[in-house]
file query_22.txt (compact mmCIF, C-alpha atoms and all ligand atoms)
# COMPACT_ATOMS: atom_id res chain seq x y z
CA MET H 1 24.09 -0.44 35.45
CA THR H 2 26.18 -1.13 32.35
CA PHE H 3 24.62 -2.27 29.11
CA GLN H 4 25.98 -5.79 29.68
CA GLN H 5 24.30 -5.98 33.10
CA ILE H 6 20.97 -4.82 31.65
CA LYS H 7 21.19 -7.39 28.89
CA GLU H 8 21.98 -10.17 31.35
CA GLN H 9 19.12 -9.11 33.60
CA ASP H 10 16.75 -9.18 30.63
CA HIS H 11 17.91 -12.66 29.64
CA MET H 12 17.58 -13.87 33.21
CA TYR H 13 14.17 -12.41 34.10
CA VAL H 14 12.20 -11.46 30.97
CA LEU H 15 10.56 -14.01 28.70
CA PRO H 16 12.56 -14.09 25.47
CA THR H 17 9.67 -13.14 23.17
CA TYR H 18 11.61 -10.38 21.39
CA GLY H 19 14.70 -10.51 19.24
CA ARG H 20 16.31 -7.39 20.69
CA VAL H 21 18.90 -4.99 19.31
CA ASP H 22 21.99 -4.17 21.40
CA ALA H 23 20.84 -0.81 22.76
CA ALA H 24 19.20 0.21 26.04
CA LEU H 25 17.50 3.56 25.58
CA VAL H 26 17.14 5.80 28.60
CA LYS H 27 16.34 9.25 27.21
CA GLY H 28 14.87 10.85 24.13
CA GLN H 29 13.89 14.13 22.57
CA ASN H 30 11.74 14.18 19.45
CA ALA H 31 13.61 12.00 16.93
CA ARG H 32 16.80 11.66 18.98
CA ALA H 33 17.41 9.05 21.62
CA TRP H 34 20.31 8.25 23.96
CA ASP H 35 21.34 4.90 25.33
CA VAL H 36 22.66 4.01 28.75
CA ASP H 37 26.24 4.75 27.60
CA GLY H 38 25.27 8.21 26.34
CA LYS H 39 25.46 7.25 22.68
CA GLU H 40 23.08 9.28 20.49
CA TYR H 41 20.72 7.81 17.89
CA ILE H 42 18.45 9.22 15.22
CA ASP H 43 15.14 7.46 15.63
CA PHE H 44 13.14 6.31 12.58
CA THR H 45 10.94 3.99 14.70
CA ALA H 46 8.99 6.14 17.17
CA GLY H 47 8.57 2.90 19.13
CA ILE H 48 6.83 1.18 16.18
CA GLY H 49 4.80 4.25 15.36
CA VAL H 50 3.78 4.97 18.95
CA ASN H 51 5.57 8.19 19.82
CA ALA H 52 3.64 10.24 17.27
CA LEU H 53 5.02 13.50 18.66
CA GLY H 54 8.47 12.05 19.24
CA TYR H 55 10.15 11.36 22.55
CA SER H 56 9.02 13.47 25.49
CA ASP H 57 7.29 16.27 23.59
CA PRO H 58 7.14 19.14 26.13
CA GLU H 59 3.43 19.92 25.68
CA TRP H 60 2.48 16.24 25.83
CA ALA H 61 4.72 15.60 28.86
CA ALA H 62 3.25 18.61 30.71
CA ALA H 63 -0.34 17.48 30.06
CA VAL H 64 0.46 13.95 31.24
CA ALA H 65 2.31 15.15 34.36
CA GLU H 66 -0.45 17.61 35.21
CA GLN H 67 -3.09 14.90 34.92
CA ALA H 68 -1.03 12.52 37.08
CA GLY H 69 -1.04 15.17 39.78
CA LYS H 70 -4.84 15.64 39.57
CA ILE H 71 -6.40 12.20 39.25
CA GLN H 72 -4.60 9.24 37.69
CA HIS H 73 -7.43 6.73 37.43
CA LEU H 74 -11.08 6.33 38.21
CA CYS H 75 -13.24 3.33 37.66
CA ASN H 76 -15.65 3.29 34.77
CA TYR H 77 -18.63 3.67 37.14
CA TYR H 78 -17.92 7.40 37.02
CA TYR H 79 -17.69 10.00 34.30
CA SER H 80 -14.21 11.14 33.29
CA PRO H 81 -14.14 14.63 31.71
CA GLU H 82 -10.65 14.10 30.26
CA ASN H 83 -11.92 10.98 28.47
CA THR H 84 -15.26 12.40 27.31
CA ALA H 85 -13.43 15.40 25.82
CA LEU H 86 -11.06 13.04 23.99
CA ALA H 87 -13.99 11.03 22.65
CA GLN H 88 -15.57 14.18 21.17
CA GLU H 89 -12.26 15.32 19.67
CA LEU H 90 -11.68 11.88 18.11
CA SER H 91 -15.19 11.93 16.69
CA GLU H 92 -14.60 15.37 15.16
CA ALA H 93 -11.25 14.30 13.69
CA SER H 94 -12.54 11.03 12.22
CA GLY H 95 -16.22 11.47 11.40
CA MET H 96 -16.97 8.36 13.49
CA ALA H 97 -19.70 8.72 16.10
CA LYS H 98 -18.66 7.02 19.33
CA ALA H 99 -15.63 5.36 20.92
CA PHE H 100 -14.87 2.47 23.25
CA PHE H 101 -11.50 2.86 24.96
CA CYS H 102 -9.06 0.09 25.85
CA ASN H 103 -5.30 -0.30 26.12
CA SER H 104 -3.88 -1.84 22.98
CA GLY H 105 -4.43 -2.55 19.32
CA ALA H 106 -5.36 -6.17 19.86
CA GLU H 107 -8.00 -5.17 22.39
CA ALA H 108 -9.38 -2.52 20.04
CA ASN H 109 -9.71 -5.19 17.34
CA GLU H 110 -11.35 -7.59 19.81
CA CYS H 111 -13.97 -4.90 20.38
CA ALA H 112 -14.45 -4.39 16.63
CA ILE H 113 -14.97 -8.14 16.24
CA LYS H 114 -17.50 -8.16 19.08
CA VAL H 115 -19.37 -5.26 17.47
CA ALA H 116 -19.54 -7.17 14.18
CA ARG H 117 -20.61 -10.41 15.88
CA LYS H 118 -23.34 -8.54 17.75
CA TYR H 119 -24.43 -6.89 14.50
CA GLY H 120 -24.80 -10.27 12.78
CA GLU H 121 -26.10 -12.17 15.79
CA LYS H 122 -29.81 -12.17 15.00
CA ARG H 123 -29.36 -13.57 11.51
CA GLY H 124 -26.62 -16.02 12.46
CA ALA H 125 -23.85 -14.12 10.66
CA TYR H 126 -20.67 -14.50 12.74
CA LYS H 127 -17.74 -14.93 10.37
CA ILE H 128 -15.20 -12.21 9.69
CA VAL H 129 -13.28 -11.98 6.44
CA THR H 130 -9.68 -10.82 6.80
CA LEU H 131 -6.84 -10.63 4.30
CA HIS H 132 -3.85 -12.87 3.75
CA ASN H 133 -0.69 -11.21 5.04
CA SER H 134 -2.64 -9.03 7.50
CA PHE H 135 -1.73 -8.39 11.12
CA HIS H 136 -4.36 -7.70 13.77
CA GLY H 137 -2.77 -8.64 17.11
CA ARG H 138 -1.56 -11.41 19.39
CA THR H 139 -4.58 -12.44 21.45
CA LEU H 140 -6.02 -15.78 20.36
CA THR H 141 -8.90 -14.08 18.52
CA THR H 142 -6.84 -11.38 16.83
CA LEU H 143 -4.28 -14.06 15.92
CA ALA H 144 -7.11 -15.89 14.19
CA ALA H 145 -7.92 -12.62 12.41
CA THR H 146 -4.27 -12.30 11.37
CA GLY H 147 -3.98 -13.91 7.94
CA GLN H 148 -0.53 -15.40 8.42
CA GLU H 149 -0.06 -19.11 9.14
CA GLY H 150 3.28 -18.49 10.81
CA PHE H 151 1.65 -16.71 13.72
CA HIS H 152 -1.00 -19.41 14.19
CA LYS H 153 0.82 -22.69 14.20
CA ASP H 154 2.04 -22.87 17.80
CA PHE H 155 -1.24 -21.89 19.43
CA LEU H 156 -4.01 -23.96 17.89
CA PRO H 157 -6.93 -24.11 18.13
CA LEU H 158 -7.68 -20.43 17.65
CA THR H 159 -11.04 -18.67 17.82
CA GLU H 160 -13.19 -19.96 14.98
CA GLY H 161 -15.11 -17.92 12.47
CA PHE H 162 -12.35 -16.28 10.43
CA VAL H 163 -12.02 -16.71 6.69
CA TYR H 164 -9.27 -15.27 4.55
CA ALA H 165 -9.14 -13.57 1.18
CA GLU H 166 -6.52 -12.09 -1.09
CA ALA H 167 -6.01 -8.31 -1.04
CA GLY H 168 -7.39 -6.87 -4.27
CA ASP H 169 -9.62 -9.89 -4.98
CA LEU H 170 -13.11 -8.40 -4.79
CA ALA H 171 -14.73 -11.36 -6.54
CA GLY H 172 -13.09 -13.76 -4.09
CA ILE H 173 -14.45 -11.76 -1.16
CA GLU H 174 -17.90 -11.55 -2.72
CA ALA H 175 -17.92 -15.35 -3.02
CA LEU H 176 -17.27 -15.60 0.74
CA LEU H 177 -20.18 -13.30 1.66
CA ASP H 178 -22.80 -16.06 1.81
CA GLY H 179 -24.88 -14.75 4.70
CA SER H 180 -22.66 -16.22 7.42
CA VAL H 181 -20.32 -13.20 7.37
CA CYS H 182 -20.86 -10.16 9.61
CA GLY H 183 -17.73 -8.13 8.85
CA VAL H 184 -14.66 -7.58 6.71
CA LEU H 185 -11.56 -6.44 8.61
CA LEU H 186 -8.53 -4.94 6.90
CA GLU H 187 -5.61 -2.52 7.15
CA MET H 188 -5.43 0.30 4.57
CA VAL H 189 -1.68 -0.26 4.49
CA GLN H 190 -0.57 -3.66 5.75
CA GLY H 191 2.13 -2.80 8.27
CA GLU H 192 3.71 -5.93 9.70
CA GLY H 193 2.93 -7.66 6.40
CA GLY H 194 5.50 -5.52 4.59
CA VAL H 195 4.13 -1.95 4.26
CA ILE H 196 1.69 -2.80 1.47
CA PRO H 197 -0.89 -0.12 0.61
CA MET H 198 -4.28 -1.33 -0.60
CA ASP H 199 -5.41 -0.16 -4.05
CA GLU H 200 -7.92 2.66 -3.94
CA SER H 201 -10.31 0.90 -6.34
CA PHE H 202 -10.20 -2.28 -4.21
CA VAL H 203 -11.01 -0.39 -1.01
CA GLN H 204 -13.83 1.57 -2.62
CA GLY H 205 -15.23 -1.54 -4.26
CA LEU H 206 -15.04 -3.39 -0.96
CA ALA H 207 -16.89 -0.59 0.87
CA GLN H 208 -19.62 -0.77 -1.78
CA LEU H 209 -19.80 -4.56 -1.56
CA CYS H 210 -20.09 -4.45 2.24
CA LYS H 211 -22.98 -2.00 1.93
CA GLU H 212 -24.80 -4.19 -0.59
CA LYS H 213 -24.37 -7.35 1.50
CA ASP H 214 -25.08 -5.68 4.85
CA VAL H 215 -21.65 -6.64 6.16
CA LEU H 216 -19.67 -4.27 8.37
CA LEU H 217 -16.50 -2.67 7.02
CA LEU H 218 -13.96 -2.78 9.85
CA VAL H 219 -10.73 -0.85 9.35
CA ASP H 220 -7.71 -1.63 11.51
CA GLU H 221 -5.93 1.72 11.83
CA VAL H 222 -3.75 0.62 14.72
CA GLN H 223 -0.59 1.36 12.72
CA THR H 224 -1.90 3.64 9.96
CA GLY H 225 -4.00 5.89 12.20
CA VAL H 226 -3.43 9.23 13.90
CA GLY H 227 -1.65 11.02 11.10
CA ARG H 228 0.83 8.29 10.18
CA THR H 229 -0.13 8.16 6.49
CA GLY H 230 -0.76 11.89 6.05
CA SER H 231 -4.49 11.94 6.77
CA PHE H 232 -5.84 11.65 10.31
CA PHE H 233 -6.96 8.11 9.51
CA ALA H 234 -5.75 6.34 6.38
CA TYR H 235 -9.32 5.51 5.26
CA GLN H 236 -9.95 9.25 4.88
CA GLY H 237 -7.31 9.19 2.14
CA TYR H 238 -9.26 6.39 0.42
CA GLY H 239 -12.59 8.23 0.44
CA VAL H 240 -14.56 5.49 2.25
CA GLU H 241 -16.71 5.57 5.37
CA PRO H 242 -16.09 2.48 7.51
CA ASP H 243 -18.56 1.15 10.08
CA VAL H 244 -15.87 0.47 12.66
CA VAL H 245 -12.33 1.84 13.01
CA THR H 246 -9.70 0.71 15.50
CA CYS H 247 -6.65 2.63 16.60
CA ALA H 248 -3.93 2.33 19.22
CA LYS H 249 -0.15 2.73 18.73
CA GLY H 250 0.18 6.50 18.13
CA ILE H 251 -3.09 7.62 19.70
CA ALA H 252 -1.79 8.61 23.16
CA GLY H 253 1.73 9.58 22.08
CA GLY H 254 3.44 6.76 24.00
CA LEU H 255 0.95 5.77 26.70
CA PRO H 256 -1.04 2.54 26.41
CA MET H 257 -4.37 3.27 24.78
CA GLY H 258 -6.56 1.69 22.15
CA ALA H 259 -9.91 2.78 20.81
CA CYS H 260 -12.67 1.21 18.78
CA LEU H 261 -14.73 3.84 16.96
CA VAL H 262 -18.14 3.12 15.49
CA SER H 263 -20.38 4.94 13.04
CA GLU H 264 -23.67 6.58 13.99
CA ARG H 265 -25.91 3.58 13.28
CA LEU H 266 -23.80 1.35 15.56
CA GLY H 267 -23.74 3.85 18.42
CA ASP H 268 -26.02 1.78 20.64
CA ILE H 269 -25.08 -1.74 19.57
CA LEU H 270 -23.13 -2.58 22.74
CA LYS H 271 -25.24 -2.24 25.86
CA PRO H 272 -24.01 -1.81 29.47
CA GLY H 273 -22.09 -4.92 30.53
CA MET H 274 -21.28 -6.14 27.03
CA GLN H 275 -17.76 -4.72 26.90
CA GLY H 276 -15.36 -3.23 29.39
CA SER H 277 -11.75 -2.61 30.36
CA THR H 278 -10.45 -1.63 33.80
CA PHE H 279 -7.87 0.78 32.44
CA GLY H 280 -9.86 1.81 29.34
CA GLY H 281 -10.11 5.58 28.96
CA ASN H 282 -7.61 6.18 31.75
CA PRO H 283 -7.35 9.96 32.38
CA ILE H 284 -3.56 10.14 32.07
CA ALA H 285 -3.60 8.33 28.72
CA SER H 286 -6.56 10.48 27.70
CA ALA H 287 -4.71 13.69 28.60
CA GLY H 288 -1.77 12.59 26.44
CA ALA H 289 -4.09 11.55 23.62
CA ARG H 290 -5.86 14.92 23.63
CA VAL H 291 -2.56 16.68 22.90
CA VAL H 292 -1.81 14.20 20.10
CA VAL H 293 -5.26 14.47 18.52
CA ARG H 294 -5.32 18.28 18.66
CA ARG H 295 -1.86 18.64 17.10
CA VAL H 296 -2.17 15.88 14.51
CA SER H 297 -5.67 16.77 13.26
CA ASP H 298 -4.45 20.25 12.20
CA PRO H 299 -4.49 20.23 8.36
CA ALA H 300 -1.10 21.98 8.28
CA PHE H 301 0.39 19.21 10.45
CA LEU H 302 -1.03 16.52 8.16
CA GLU H 303 0.33 18.38 5.14
CA SER H 304 3.79 18.37 6.77
CA VAL H 305 3.56 14.57 7.24
CA ARG H 306 2.82 14.15 3.53
CA GLU H 307 5.72 16.46 2.62
CA LYS H 308 8.16 14.64 4.88
CA GLY H 309 6.98 11.32 3.48
CA ALA H 310 7.59 12.56 -0.07
CA TYR H 311 11.06 13.78 0.94
CA PHE H 312 11.96 10.39 2.41
CA ARG H 313 10.72 8.64 -0.70
CA GLU H 314 12.69 10.91 -3.04
CA LYS H 315 15.94 10.51 -1.08
CA LEU H 316 15.52 6.74 -0.69
CA GLU H 317 14.66 6.15 -4.33
CA ALA H 318 17.88 7.95 -5.29
CA MET H 319 19.98 5.43 -3.34
CA PRO H 320 21.45 2.87 -5.77
CA GLN H 321 21.07 -0.01 -3.27
CA VAL H 322 17.30 0.55 -3.02
CA GLU H 323 15.05 -1.57 -5.23
CA TYR H 324 11.79 0.23 -4.41
CA VAL H 325 10.04 2.30 -1.76
CA ARG H 326 6.38 1.90 -0.82
CA GLY H 327 3.95 3.15 1.80
CA ARG H 328 2.01 6.32 2.59
CA GLY H 329 3.10 9.44 4.42
CA LEU H 330 5.57 8.55 7.16
CA MET H 331 4.84 4.82 6.94
CA ILE H 332 7.68 3.78 4.68
CA GLY H 333 8.88 0.40 3.45
CA VAL H 334 12.20 0.06 1.64
CA LYS H 335 13.14 -3.01 -0.39
CA LEU H 336 16.89 -3.36 -0.73
CA LYS H 337 18.49 -4.93 -3.78
CA ASP H 338 21.11 -7.14 -2.15
CA LYS H 339 21.25 -6.50 1.55
CA ASP H 340 19.31 -8.31 4.27
CA ALA H 341 16.97 -5.93 6.11
CA HIS H 342 17.69 -7.48 9.51
CA GLU H 343 21.44 -7.14 9.07
CA VAL H 344 21.00 -3.54 7.95
CA LEU H 345 18.92 -2.88 11.08
CA ALA H 346 21.75 -4.14 13.31
CA GLU H 347 24.36 -2.16 11.35
CA CYS H 348 22.25 1.00 11.54
CA ALA H 349 21.96 0.69 15.32
CA LYS H 350 25.75 0.45 15.57
CA ALA H 351 26.03 3.53 13.35
CA GLY H 352 23.51 5.53 15.42
CA LEU H 353 20.22 5.05 13.55
CA LEU H 354 17.19 3.16 14.84
CA ILE H 355 15.04 1.51 12.17
CA LEU H 356 12.49 -1.31 11.86
CA THR H 357 11.83 -4.14 9.46
CA ALA H 358 8.59 -5.55 8.04
CA LYS H 359 9.01 -8.96 6.42
CA GLU H 360 12.00 -8.55 4.09
CA LEU H 361 11.72 -4.77 3.92
CA VAL H 362 13.34 -2.07 5.99
CA ARG H 363 10.58 -0.02 7.61
CA PHE H 364 10.63 3.57 8.85
CA LEU H 365 7.93 4.97 11.17
CA PRO H 366 9.65 8.14 12.36
CA PRO H 367 7.95 10.55 14.75
CA LEU H 368 5.54 12.72 12.78
CA THR H 369 7.35 15.74 14.24
CA ILE H 370 10.79 14.76 12.90
CA THR H 371 12.85 17.77 11.80
CA GLN H 372 14.57 18.31 8.47
CA GLU H 373 17.96 18.06 10.16
CA ASP H 374 17.12 14.70 11.77
CA MET H 375 15.69 13.30 8.53
CA ASP H 376 18.89 14.28 6.72
CA GLN H 377 21.20 12.98 9.42
CA GLY H 378 19.34 9.66 9.65
CA LEU H 379 19.23 9.22 5.88
CA ALA H 380 22.96 9.95 5.67
CA ILE H 381 23.66 7.18 8.22
CA PHE H 382 21.36 4.84 6.30
CA GLN H 383 23.15 5.59 3.03
CA LYS H 384 26.53 4.94 4.66
CA VAL H 385 25.39 1.60 6.04
CA LEU H 386 24.10 0.58 2.61
CA GLU H 387 27.46 1.49 1.08
CA GLN H 388 29.41 -0.73 3.51
C1 LIG H 401 0.51 -3.34 16.19
C2 LIG H 401 -0.72 -3.71 15.51
C3 LIG H 401 -1.76 -4.39 16.18
C4 LIG H 401 -1.61 -4.87 17.61
O1 LIG H 401 -1.49 -3.83 18.51
P1 LIG H 401 -1.02 -4.14 20.02
O2 LIG H 401 -1.11 -2.80 20.69
O3 LIG H 401 0.38 -4.67 19.94
O4 LIG H 401 -1.97 -5.12 20.57
C5 LIG H 401 -2.94 -4.63 15.50
N1 LIG H 401 -3.11 -4.23 14.23
C6 LIG H 401 -2.14 -3.59 13.55
C7 LIG H 401 -2.40 -3.15 12.15
C8 LIG H 401 -0.91 -3.31 14.16
O5 LIG H 401 0.06 -2.71 13.47

call {"tool": "encode", "arguments": {"input": "query_22.txt", "output": "structure tokens"}}
result
Amino acid sequence: MTFQQIKEQDHMYVLPTYGRVDAALVKGQNARAWDVDGKEYIDFTAGIGVNALGYSDPEWAAAVAEQAGKIQHLCNYYYSPENTALAQELSEASGMAKAFFCNSGAEANECAIKVARKYGEKRGAYKIVTLHNSFHGRTLTTLAATGQEGFHKDFLPLTEGFVYAEAGDLAGIEALLDGSVCGVLLEMVQGEGGVIPMDESFVQGLAQLCKEKDVLLLVDEVQTGVGRTGSFFAYQGYGVEPDVVTCAKGIAGGLPMGACLVSERLGDILKPGMQGSTFGGNPIASAGARVVVRRVSDPAFLESVREKGAYFREKLEAMPQVEYVRGRGLMIGVKLKDKDAHEVLAECAKAGLLILTAKELVRFLPPLTITQEDMDQGLAIFQKVLEQ
């Protein structure tokens, strides 16, 4: 099929929920991808931070293929050794005690919200505080958690029980904690909201406040997790110990998986029958995730993410068209002085570079395994596009 035929087929048969770029990718290797016409791209997206080890990493692909040939799925009535091993490895990498597995970030956040509701149930505390400009998913409940009016307006009424606060405003949050609140949910770096890192003092103060008020600290690491910011989870870089952590995107290296991790004292809060997911903990996704977790949790690997992030930042800040760069590790937001981020995205694709946007910023979430050569080649294309 030609690109035109694919595009027409998409328009004819797929709901138009995405504003797509004119490229149909059919093959990839680490940070390089090829489209249906054989054109090569440097990839600074990793599928919105999903392909943590790049496209088709050989070790990851072998583990996934091997598992597919052994047992691809079993129902959650039975024990799955591939999944139990992953759960232990995630616990060791994160310091969290136990995991519930699902298939996406929104589902992981749904579970976190259920954990918090269950925690507050006896004393009638059911509200969750989230931040303005946050993003927590597209289900009706995680939309309600998402502190952005624009996402809400077409789908009212949403799940009730969410109240919103300003990032950095500890006093404002404290005023909301009136006994009806069971949890505070936030991203350490707001991703979709424009790559906005939280202040360290705010996060530490919030963790302290949650402890004092007996409110759960829920950290959404769906985008920031699994090495993206240069620590295994971003909260580890903030020196706090959350009660609940959610992850998805990068966790299984490109297979659908989400996880909701809880601390020791919440290990038995959900009893049999209170939560479930048919595909949750699927052995193929688990096999892929085990490769990701083992590779990414290596301190030398995490150090390389921080170094690459610093390199990106240095090169981008030297570009005269760049107003500022923000983010952590390989989660990078770039504010341009004059150019429109969405136009730059389209121009970059034409020039052979895949990038993302976040609000009015250009956003890069390259594979954590990106090579020096691919960073340089992609940055050179970016520079050229900015000079046009
Ligand atoms: C992407 C994202 C989600 C939603 O994940 P899905 O897998 O699309 O459901 C939730 N929270 C954050 C921070 C995200 O970046």

call {"tool": "residues_near_ligand", "arguments": {"input": "query_22.txt", "ligand": "ligand LIG 401 (chain H)", "cutoff": "9 Å", "atoms": "only C-alpha atoms and all ligand atoms", "output": "ChimeraX atom specification"}}
result
/H:48-49,103-109,134-139,142,146,186-192,220-224,246-249,256-258

call {"tool": "closest_atom_pairs", "arguments": {"input": "query_22.txt", "of": "range 152-217 of chain H", "to": "range 350-370 of chain H", "cutoff": "7 Å", "atoms": "only C-alpha atoms", "output": "CSV"}}
result
residue,atom,partner,partner_atom,distance
H:Glu192,CA,H:Ala358,CA,5.2
H:Gly193,CA,H:Lys359,CA,6.2
H:Gly194,CA,H:Ala358,CA,4.6
H:Val195,CA,H:Ala358,CA,6.9

call {"tool": "closest_residue", "arguments": {"input": "query_22.txt", "among": "H:Met319, H:Ala300, H:Ala252, H:Met198", "to": "Tyr238 in chain H", "atoms": "all atoms listed in the file"}}
result
H:Met198

call {"tool": "closest_residue", "arguments": {"input": "query_22.txt", "among": "H:Arg32, H:Arg20, H:Arg265, H:Lys7", "to": "Ala97 in chain H", "atoms": "all atoms listed in the file"}}
result
H:Arg265

call {"tool": "residues_around", "arguments": {"input": "query_22.txt", "residues": "range 122-133 of chain H", "least_positions_apart": "5", "cutoff": "10 Å", "atoms": "only C-alpha atoms", "output": "MDAnalysis selection string"}}
result
chainID H and resid 113:114 116:117 144:149 160:169 173 176:187 190:194 196 215:218

call {"tool": "write_last_selection", "arguments": {"input": "query_22.txt", "atoms": "C-alpha atoms", "output": "CSV table (one decimal), in the frame of the given file"}}
result
chain,number,residue,atom,x,y,z
H,113,ILE,CA,-15.0,-8.1,16.2
H,114,LYS,CA,-17.5,-8.2,19.1
H,116,ALA,CA,-19.5,-7.2,14.2
H,117,ARG,CA,-20.6,-10.4,15.9
H,144,ALA,CA,-7.1,-15.9,14.2
H,145,ALA,CA,-7.9,-12.6,12.4
H,146,THR,CA,-4.3,-12.3,11.4
H,147,GLY,CA,-4.0,-13.9,7.9
H,148,GLN,CA,-0.5,-15.4,8.4
H,149,GLU,CA,-0.1,-19.1,9.1
H,160,GLU,CA,-13.2,-20.0,15.0
H,161,GLY,CA,-15.1,-17.9,12.5
H,162,PHE,CA,-12.4,-16.3,10.4
H,163,VAL,CA,-12.0,-16.7,6.7
H,164,TYR,CA,-9.3,-15.3,4.6
H,165,ALA,CA,-9.1,-13.6,1.2
H,166,GLU,CA,-6.5,-12.1,-1.1
H,167,ALA,CA,-6.0,-8.3,-1.0
H,168,GLY,CA,-7.4,-6.9,-4.3
H,169,ASP,CA,-9.6,-9.9,-5.0
H,173,ILE,CA,-14.4,-11.8,-1.2
H,176,LEU,CA,-17.3,-15.6,0.7
H,177,LEU,CA,-20.2,-13.3,1.7
H,178,ASP,CA,-22.8,-16.1,1.8
H,179,GLY,CA,-24.9,-14.8,4.7
H,180,SER,CA,-22.7,-16.2,7.4
H,181,VAL,CA,-20.3,-13.2,7.4
H,182,CYS,CA,-20.9,-10.2,9.6
H,183,GLY,CA,-17.7,-8.1,8.8
H,184,VAL,CA,-14.7,-7.6,6.7
H,185,LEU,CA,-11.6,-6.4,8.6
H,186,LEU,CA,-8.5,-4.9,6.9
H,187,GLU,CA,-5.6,-2.5,7.2
H,190,GLN,CA,-0.6,-3.7,5.8
H,191,GLY,CA,2.1,-2.8,8.3
H,192,GLU,CA,3.7,-5.9,9.7
H,193,GLY,CA,2.9,-7.7,6.4
H,194,GLY,CA,5.5,-5.5,4.6
H,196,ILE,CA,1.7,-2.8,1.5
H,215,VAL,CA,-21.6,-6.6,6.2
H,216,LEU,CA,-19.7,-4.3,8.4
H,217,LEU,CA,-16.5,-2.7,7.0
H,218,LEU,CA,-14.0,-2.8,9.8

call {"tool": "closest_residue", "arguments": {"input": "query_22.txt", "among": "H:Val115, H:Val296, H:Val14, H:Ala68", "to": "Leu261 in chain H", "atoms": "all atoms listed in the file"}}
result
H:Val115

call {"tool": "residues_around", "arguments": {"input": "query_22.txt", "residues": "Arg294 in chain H", "least_positions_apart": "5", "cutoff": "9 Å", "atoms": "only C-alpha atoms", "output": "number ranges by chain"}}
result
H: 89, 93, 289

call {"tool": "atom_distance", "arguments": {"input": "query_22.txt", "atom1": "CA of Val322 in chain H", "atom2": "CA of Val334 in chain H"}}
result
6.9 Å

call {"tool": "closest_residue", "arguments": {"input": "query_22.txt", "among": "H:Gln208, H:Gly329, H:Val292, H:Ala285", "to": "Gln72 in chain H", "atoms": "only C-alpha atoms"}}
result
H:Ala285

call {"tool": "atom_distance", "arguments": {"input": "query_22.txt", "atom1": "CA of Thr371 in chain H", "atom2": "CA of Val21 in chain H"}}
result
24.7 Å

call {"tool": "atom_distance", "arguments": {"input": "query_22.txt", "atom1": "CA of Val291 in chain H", "atom2": "CA of His73 in chain H"}}
result
18.3 Å

call {"tool": "closest_residue", "arguments": {"input": "query_22.txt", "among": "H:Ile71, H:Leu330, H:Ala287, H:Ala62", "to": "Thr84 in chain H", "atoms": "only C-alpha atoms"}}
result
H:Ala287

call {"tool": "closest_residue", "arguments": {"input": "query_22.txt", "among": "H:Val344, H:Val226, H:Ile284, H:Leu316", "to": "Ala52 in chain H", "atoms": "all atoms listed in the file"}}
result
H:Val226
